[in-house]
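What follows is input_23.cif (mmCIF, C-alpha atoms).
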data_structure
loop_
_atom_site.group_PDB
_atom_site.id
_atom_site.type_symbol
_atom_site.label_atom_id
_atom_site.label_comp_id
_atom_site.auth_asym_id
_atom_site.auth_seq_id
_atom_site.Cartn_x
_atom_site.Cartn_y
_atom_site.Cartn_z
ATOM 1 C CA MET H 1 167.819 165.146 -34.397
ATOM 2 C CA ALA H 2 170.940 163.751 -32.699
ATOM 3 C CA ALA H 3 168.983 160.674 -31.651
ATOM 4 C CA ASP H 4 167.895 160.240 -35.260
ATOM 5 C CA ILE H 5 171.501 160.277 -36.482
ATOM 6 C CA PHE H 6 172.406 157.644 -33.908
ATOM 7 C CA GLY H 7 169.409 155.649 -35.128
ATOM 8 C CA VAL H 8 170.975 155.577 -38.594
ATOM 9 C CA ILE H 9 174.438 154.480 -37.454
ATOM 10 C CA ALA H 10 173.449 152.262 -34.486
ATOM 11 C CA PRO H 11 173.063 149.060 -36.542
ATOM 12 C CA TYR H 12 176.709 149.456 -37.587
ATOM 13 C CA MET H 13 178.081 150.138 -34.089
ATOM 14 C CA PRO H 14 179.205 147.623 -31.473
ATOM 15 C CA ALA H 15 176.800 147.101 -28.591
ATOM 16 C CA PRO H 16 177.345 149.475 -25.649
ATOM 17 C CA PRO H 17 178.652 148.059 -22.359
ATOM 18 C CA SER H 18 176.057 146.431 -20.146
ATOM 19 C CA GLY H 19 174.230 149.032 -18.059
ATOM 20 C CA ALA H 20 175.493 151.985 -20.096
ATOM 21 C CA GLN H 21 173.073 154.862 -20.477
ATOM 22 C CA SER H 22 172.708 156.884 -23.622
ATOM 23 C CA PRO H 23 174.585 160.205 -23.556
ATOM 24 C CA LEU H 24 171.510 161.650 -25.249
ATOM 25 C CA LEU H 25 169.744 161.507 -21.873
ATOM 26 C CA TRP H 26 171.721 164.621 -20.919
ATOM 27 C CA GLY H 27 169.540 166.450 -23.428
ATOM 28 C CA THR H 28 166.433 165.893 -21.305
ATOM 29 C CA VAL H 29 165.507 168.092 -18.355
ATOM 30 C CA GLU H 30 164.104 165.111 -16.427
ATOM 31 C CA HIS H 31 167.406 163.188 -16.583
ATOM 32 C CA VAL H 32 169.466 166.204 -15.527
ATOM 33 C CA LYS H 33 167.182 166.787 -12.535
ATOM 34 C CA ASP H 34 167.385 163.096 -11.603
ATOM 35 C CA VAL H 35 171.199 163.100 -11.763
ATOM 36 C CA PHE H 36 171.712 166.220 -9.651
ATOM 37 C CA GLY H 37 168.744 165.723 -7.349
ATOM 38 C CA ASP H 38 169.069 167.660 -4.096
ATOM 39 C CA ARG H 39 172.878 167.815 -4.281
ATOM 40 C CA VAL H 40 172.767 171.303 -5.797
ATOM 41 C CA GLU H 41 171.475 174.562 -4.401
ATOM 42 C CA SER H 42 169.761 175.483 -7.637
ATOM 43 C CA LEU H 43 169.304 173.970 -11.043
ATOM 44 C CA GLU H 44 168.215 175.993 -14.039
ATOM 45 C CA THR H 45 167.499 174.472 -17.411
ATOM 46 C CA ARG H 46 166.597 176.061 -20.693
ATOM 47 C CA GLU H 47 165.573 174.152 -23.784
ATOM 48 C CA MET H 48 167.090 175.593 -26.962
ATOM 49 C CA VAL H 49 167.317 174.832 -30.680
ATOM 50 C CA TYR H 50 170.410 175.078 -32.866
ATOM 51 C CA THR H 51 169.972 174.771 -36.629
ATOM 52 C CA GLU H 52 172.767 173.165 -38.651
ATOM 53 C CA ARG H 53 172.852 174.287 -42.287
ATOM 54 C CA ALA H 54 174.490 172.738 -45.340
ATOM 55 C CA PRO H 55 174.277 173.504 -49.066
ATOM 56 C CA SER H 56 172.565 170.128 -49.626
ATOM 57 C CA PRO H 57 171.695 166.899 -47.815
ATOM 58 C CA GLN H 58 174.703 165.286 -49.530
ATOM 59 C CA GLU H 59 177.034 167.915 -48.074
ATOM 60 C CA TYR H 60 175.404 167.531 -44.658
ATOM 61 C CA VAL H 61 176.228 163.811 -44.746
ATOM 62 C CA GLY H 62 179.767 164.638 -45.893
ATOM 63 C CA LEU H 63 180.195 167.067 -42.997
ATOM 64 C CA TYR H 64 179.235 164.389 -40.487
ATOM 65 C CA LYS H 65 181.431 161.769 -42.135
ATOM 66 C CA GLU H 66 184.408 164.141 -41.753
ATOM 67 C CA THR H 67 183.750 165.764 -38.367
ATOM 68 C CA PHE H 68 181.409 163.772 -36.084
ATOM 69 C CA GLY H 69 183.349 161.245 -34.015
ATOM 70 C CA PRO H 70 180.760 158.458 -33.811
ATOM 71 C CA VAL H 71 180.127 158.610 -37.577
ATOM 72 C CA ILE H 72 183.866 158.651 -38.320
ATOM 73 C CA SER H 73 184.346 155.604 -36.071
ATOM 74 C CA VAL H 74 181.581 153.646 -37.786
ATOM 75 C CA TYR H 75 183.000 154.312 -41.237
ATOM 76 C CA GLU H 76 186.508 153.378 -40.062
ATOM 77 C CA ALA H 77 185.176 150.109 -38.632
ATOM 78 C CA LEU H 78 183.497 149.329 -41.969
ATOM 79 C CA GLN H 79 186.470 150.182 -44.198
ATOM 80 C CA ASP H 80 186.882 146.545 -45.287
ATOM 81 C CA GLU H 81 183.151 146.064 -45.931
ATOM 82 C CA PRO H 82 182.295 148.093 -49.051
ATOM 83 C CA ASP H 83 178.772 146.659 -49.327
ATOM 84 C CA ARG H 84 177.903 147.790 -45.797
ATOM 85 C CA VAL H 85 179.502 151.194 -46.439
ATOM 86 C CA ALA H 86 177.324 151.589 -49.543
ATOM 87 C CA THR H 87 174.218 150.636 -47.549
ATOM 88 C CA LEU H 88 175.102 153.063 -44.752
ATOM 89 C CA ASP H 89 175.784 155.827 -47.295
ATOM 90 C CA ARG H 90 172.352 155.269 -48.822
ATOM 91 C CA GLU H 91 170.578 155.139 -45.442
ATOM 92 C CA PHE H 92 172.393 158.237 -44.167
ATOM 93 C CA LEU H 93 171.513 160.231 -47.287
ATOM 94 C CA GLU H 94 167.876 159.078 -47.132
ATOM 95 C CA PHE H 95 167.768 160.246 -43.514
ATOM 96 C CA ALA H 96 169.318 163.621 -44.434
ATOM 97 C CA GLU H 97 166.788 164.127 -47.222
ATOM 98 C CA ARG H 98 163.847 163.259 -44.917
ATOM 99 C CA ALA H 99 165.115 165.383 -42.026
ATOM 100 C CA ASP H 100 165.860 168.486 -44.123
ATOM 101 C CA ARG H 101 163.646 171.343 -42.886
ATOM 102 C CA GLY H 102 165.018 173.931 -45.306
ATOM 103 C CA THR H 103 163.126 175.562 -48.137
ATOM 104 C CA PRO H 104 163.279 173.427 -51.307
ATOM 105 C CA GLY H 105 166.003 174.773 -53.591
ATOM 106 C CA ASP H 106 167.725 176.547 -50.682
ATOM 107 C CA TRP H 107 170.175 175.328 -48.036
ATOM 108 C CA ALA H 108 169.332 172.156 -46.115
ATOM 109 C CA GLU H 109 168.461 172.844 -42.469
ATOM 110 C CA TYR H 110 168.560 170.486 -39.500
ATOM 111 C CA PRO H 111 167.233 171.705 -36.124
ATOM 112 C CA TYR H 112 168.849 170.203 -33.019
ATOM 113 C CA GLU H 113 167.147 170.552 -29.655
ATOM 114 C CA TYR H 114 169.430 170.798 -26.633
ATOM 115 C CA VAL H 115 169.308 171.767 -22.978
ATOM 116 C CA VAL H 116 171.417 174.456 -21.302
ATOM 117 C CA VAL H 117 172.024 173.494 -17.665
ATOM 118 C CA VAL H 118 173.251 175.797 -14.901
ATOM 119 C CA ALA H 119 173.741 174.046 -11.561
ATOM 120 C CA ARG H 120 174.972 175.851 -8.467
ATOM 121 C CA THR H 121 176.607 173.776 -5.760
ATOM 122 C CA ARG H 122 175.560 174.069 -2.160
ATOM 123 C CA THR H 123 177.767 176.225 0.041
ATOM 124 C CA GLU H 124 178.086 174.877 3.548
#
Please express what this file holds, its structure, as structure tokens.
Amino acid sequence: MAADIFGVIAPYMPAPPSGAQSPLLWGTVEHVKDVFGDRVESLETREMVYTERAPSPQEYVGLYKETFGPVISVYEALQDEPDRVATLDREFLEFAERADRGTPGDWAEYPYEYVVVVARTRTE
């Protein structure tokens, strides 16, 4: 789900620095294992799901516009471009309506997958 949100706002963001990796890679077990490799004594991972809830898709979008740093930054960068803001608003709401996994007529629900990582350093 987080990758999907970034997919909505990415066209409005500046390009990342050359060679930069997506922070979303930290949500994959394979990447975490690659990063730590044999430098740790043990590495435990557990895939989990957190469900964000909002009274409606519109309020979900509002929550992100007020609290999620990357979304706030995009809107601040577009403050002098009302046409692009209107387009982003429409695209973000369309995404929120498509991604809603809640029961129709009830709260909107958005499941986020994440990885819990416990790494123990080697003692020498």
Let me make sure I understand: among H:Ala96, H:Val118, H:Val71, H:Val8, which one has the smallest atom-to-atom distance to Gln58 (chain H) if we use all atoms listed in the file?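 Between H:Ala96, H:Val118, H:Val71, H:Val8, the residue approaching Gln58 (chain H) most closely is H:Ala96.
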Contacts of Arg53 (chain H) within 9 Å, only C-alpha atoms, excl. fewer than 2 positions in-chain, as a PDB file with C-alpha atoms, keeping the file's coordinate frame:
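After the write, result-v2.pdb holds the following:
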ATOM      1  CA  THR H  51     169.972 174.771 -36.629  1.00  0.00           C
ATOM      2  CA  PRO H  55     174.277 173.504 -49.066  1.00  0.00           C
ATOM      3  CA  SER H  56     172.565 170.128 -49.626  1.00  0.00           C
ATOM      4  CA  TYR H  60     175.404 167.531 -44.658  1.00  0.00           C
ATOM      5  CA  GLY H 102     165.018 173.931 -45.306  1.00  0.00           C
ATOM      6  CA  TRP H 107     170.175 175.328 -48.036  1.00  0.00           C
ATOM      7  CA  ALA H 108     169.332 172.156 -46.115  1.00  0.00           C
ATOM      8  CA  GLU H 109     168.461 172.844 -42.469  1.00  0.00           C
ATOM      9  CA  TYR H 110     168.560 170.486 -39.500  1.00  0.00           C
ATOM     10  CA  PRO H 111     167.233 171.705 -36.124  1.00  0.00           C
TER      11      PRO H 111
END
Test item: the PyMOL selection byres ((chain H and resi 14-28) around 12) resolved as a PyMOL selection string: chain H and resi 1-7+9-13+29-36+45-49+70+73-74+77-78+112-117
Using all atoms listed in the file, which protein or nucleic acid residues come within 12 Å of Arg39 (chain H)? Drop anything in the same chain fewer than 6 positions from it, and give the result as a PyMOL selection string. chain H and resi 32-33+119-124
Can you work out the spacing between CA of Arg98 (chain H) and CA of Pro82 (chain H) in Å, to one decimal?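 Atom-to-atom, CA of Arg98 (chain H) to CA of Pro82 (chain H), that is 24.2 Å.
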Calculate, to one decimal in Å, the centre and edge lengths of the box along x, y and z of the file that holds all listed atoms of region 36-45 of chain H with 4 Å of margin on each side, and present them as lines of an AutoDock Vina configuration file.
center_x = 170.2
center_y = 170.9
center_z = -10.8
size_x = 13.4
size_y = 18.3
size_z = 21.3
Complete the atoms of region 5-34 of chain H to N, CA and C atoms and put them out as a PDB file, keeping the file's coordinate frame.
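Dumped everything to out_23.pdb:
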ATOM      1  N   ILE H   5     170.221 160.634 -35.855  1.00  0.00           N
ATOM      2  CA  ILE H   5     171.501 160.277 -36.482  1.00  0.00           C
ATOM      3  C   ILE H   5     172.029 158.981 -35.870  1.00  0.00           C
ATOM      4  N   PHE H   6     171.957 158.879 -34.542  1.00  0.00           N
ATOM      5  CA  PHE H   6     172.406 157.644 -33.908  1.00  0.00           C
ATOM      6  C   PHE H   6     171.542 156.466 -34.338  1.00  0.00           C
ATOM      7  N   GLY H   7     170.266 156.711 -34.620  1.00  0.00           N
ATOM      8  CA  GLY H   7     169.409 155.649 -35.128  1.00  0.00           C
ATOM      9  C   GLY H   7     169.880 155.119 -36.467  1.00  0.00           C
ATOM     10  N   VAL H   8     170.456 155.996 -37.288  1.00  0.00           N
ATOM     11  CA  VAL H   8     170.975 155.577 -38.594  1.00  0.00           C
ATOM     12  C   VAL H   8     172.240 154.737 -38.429  1.00  0.00           C
ATOM     13  N   ILE H   9     173.144 155.171 -37.557  1.00  0.00           N
ATOM     14  CA  ILE H   9     174.438 154.480 -37.454  1.00  0.00           C
ATOM     15  C   ILE H   9     174.447 153.338 -36.440  1.00  0.00           C
ATOM     16  N   ALA H  10     173.455 153.277 -35.550  1.00  0.00           N
ATOM     17  CA  ALA H  10     173.449 152.262 -34.486  1.00  0.00           C
ATOM     18  C   ALA H  10     173.581 150.829 -34.990  1.00  0.00           C
ATOM     19  N   PRO H  11     172.918 150.446 -36.087  1.00  0.00           N
ATOM     20  CA  PRO H  11     173.063 149.060 -36.542  1.00  0.00           C
ATOM     21  C   PRO H  11     174.493 148.697 -36.960  1.00  0.00           C
ATOM     22  N   TYR H  12     175.332 149.687 -37.140  1.00  0.00           N
ATOM     23  CA  TYR H  12     176.709 149.456 -37.587  1.00  0.00           C
ATOM     24  C   TYR H  12     177.712 149.592 -36.444  1.00  0.00           C
ATOM     25  N   MET H  13     177.216 149.924 -35.247  1.00  0.00           N
ATOM     26  CA  MET H  13     178.081 150.138 -34.089  1.00  0.00           C
ATOM     27  C   MET H  13     178.112 148.895 -33.210  1.00  0.00           C
ATOM     28  N   PRO H  14     179.202 148.714 -32.449  1.00  0.00           N
ATOM     29  CA  PRO H  14     179.205 147.623 -31.473  1.00  0.00           C
ATOM     30  C   PRO H  14     178.200 147.935 -30.361  1.00  0.00           C
ATOM     31  N   ALA H  15     177.743 146.911 -29.695  1.00  0.00           N
ATOM     32  CA  ALA H  15     176.800 147.101 -28.591  1.00  0.00           C
ATOM     33  C   ALA H  15     177.483 147.869 -27.463  1.00  0.00           C
ATOM     34  N   PRO H  16     176.751 148.757 -26.778  1.00  0.00           N
ATOM     35  CA  PRO H  16     177.345 149.475 -25.649  1.00  0.00           C
ATOM     36  C   PRO H  16     177.572 148.518 -24.475  1.00  0.00           C
ATOM     37  N   PRO H  17     178.430 148.904 -23.535  1.00  0.00           N
ATOM     38  CA  PRO H  17     178.652 148.059 -22.359  1.00  0.00           C
ATOM     39  C   PRO H  17     177.347 147.850 -21.589  1.00  0.00           C
ATOM     40  N   SER H  18     177.244 146.741 -20.937  1.00  0.00           N
ATOM     41  CA  SER H  18     176.057 146.431 -20.146  1.00  0.00           C
ATOM     42  C   SER H  18     175.819 147.530 -19.111  1.00  0.00           C
ATOM     43  N   GLY H  19     174.593 148.003 -19.033  1.00  0.00           N
ATOM     44  CA  GLY H  19     174.230 149.032 -18.059  1.00  0.00           C
ATOM     45  C   GLY H  19     174.532 150.453 -18.485  1.00  0.00           C
ATOM     46  N   ALA H  20     175.159 150.629 -19.632  1.00  0.00           N
ATOM     47  CA  ALA H  20     175.493 151.985 -20.096  1.00  0.00           C
ATOM     48  C   ALA H  20     174.222 152.741 -20.461  1.00  0.00           C
ATOM     49  N   GLN H  21     174.198 154.007 -20.114  1.00  0.00           N
ATOM     50  CA  GLN H  21     173.073 154.862 -20.477  1.00  0.00           C
ATOM     51  C   GLN H  21     173.456 155.705 -21.678  1.00  0.00           C
ATOM     52  N   SER H  22     172.474 156.058 -22.447  1.00  0.00           N
ATOM     53  CA  SER H  22     172.708 156.884 -23.622  1.00  0.00           C
ATOM     54  C   SER H  22     173.152 158.285 -23.210  1.00  0.00           C
ATOM     55  N   PRO H  23     174.194 158.820 -23.842  1.00  0.00           N
ATOM     56  CA  PRO H  23     174.585 160.205 -23.556  1.00  0.00           C
ATOM     57  C   PRO H  23     173.501 161.192 -23.970  1.00  0.00           C
ATOM     58  N   LEU H  24     172.590 160.762 -24.816  1.00  0.00           N
ATOM     59  CA  LEU H  24     171.510 161.650 -25.249  1.00  0.00           C
ATOM     60  C   LEU H  24     170.553 161.988 -24.111  1.00  0.00           C
ATOM     61  N   LEU H  25     170.592 161.201 -23.027  1.00  0.00           N
ATOM     62  CA  LEU H  25     169.744 161.507 -21.873  1.00  0.00           C
ATOM     63  C   LEU H  25     170.070 162.873 -21.282  1.00  0.00           C
ATOM     64  N   TRP H  26     171.331 163.309 -21.439  1.00  0.00           N
ATOM     65  CA  TRP H  26     171.721 164.621 -20.919  1.00  0.00           C
ATOM     66  C   TRP H  26     170.996 165.748 -21.639  1.00  0.00           C
ATOM     67  N   GLY H  27     170.326 165.453 -22.712  1.00  0.00           N
ATOM     68  CA  GLY H  27     169.540 166.450 -23.428  1.00  0.00           C
ATOM     69  C   GLY H  27     168.107 166.541 -22.941  1.00  0.00           C
ATOM     70  N   THR H  28     167.787 165.831 -21.856  1.00  0.00           N
ATOM     71  CA  THR H  28     166.433 165.893 -21.305  1.00  0.00           C
ATOM     72  C   THR H  28     166.474 166.504 -19.909  1.00  0.00           C
ATOM     73  N   VAL H  29     165.565 167.415 -19.649  1.00  0.00           N
ATOM     74  CA  VAL H  29     165.507 168.092 -18.355  1.00  0.00           C
ATOM     75  C   VAL H  29     165.281 167.074 -17.235  1.00  0.00           C
ATOM     76  N   GLU H  30     164.418 166.097 -17.461  1.00  0.00           N
ATOM     77  CA  GLU H  30     164.104 165.111 -16.427  1.00  0.00           C
ATOM     78  C   GLU H  30     165.361 164.359 -15.973  1.00  0.00           C
ATOM     79  N   HIS H  31     166.189 163.933 -16.923  1.00  0.00           N
ATOM     80  CA  HIS H  31     167.406 163.188 -16.583  1.00  0.00           C
ATOM     81  C   HIS H  31     168.375 164.067 -15.789  1.00  0.00           C
ATOM     82  N   VAL H  32     168.549 165.292 -16.221  1.00  0.00           N
ATOM     83  CA  VAL H  32     169.466 166.204 -15.527  1.00  0.00           C
ATOM     84  C   VAL H  32     169.000 166.406 -14.087  1.00  0.00           C
ATOM     85  N   LYS H  33     167.708 166.613 -13.894  1.00  0.00           N
ATOM     86  CA  LYS H  33     167.182 166.787 -12.535  1.00  0.00           C
ATOM     87  C   LYS H  33     167.382 165.524 -11.706  1.00  0.00           C
ATOM     88  N   ASP H  34     167.178 164.359 -12.315  1.00  0.00           N
ATOM     89  CA  ASP H  34     167.385 163.096 -11.603  1.00  0.00           C
ATOM     90  C   ASP H  34     168.842 162.926 -11.184  1.00  0.00           C
TER      91      ASP H  34
END
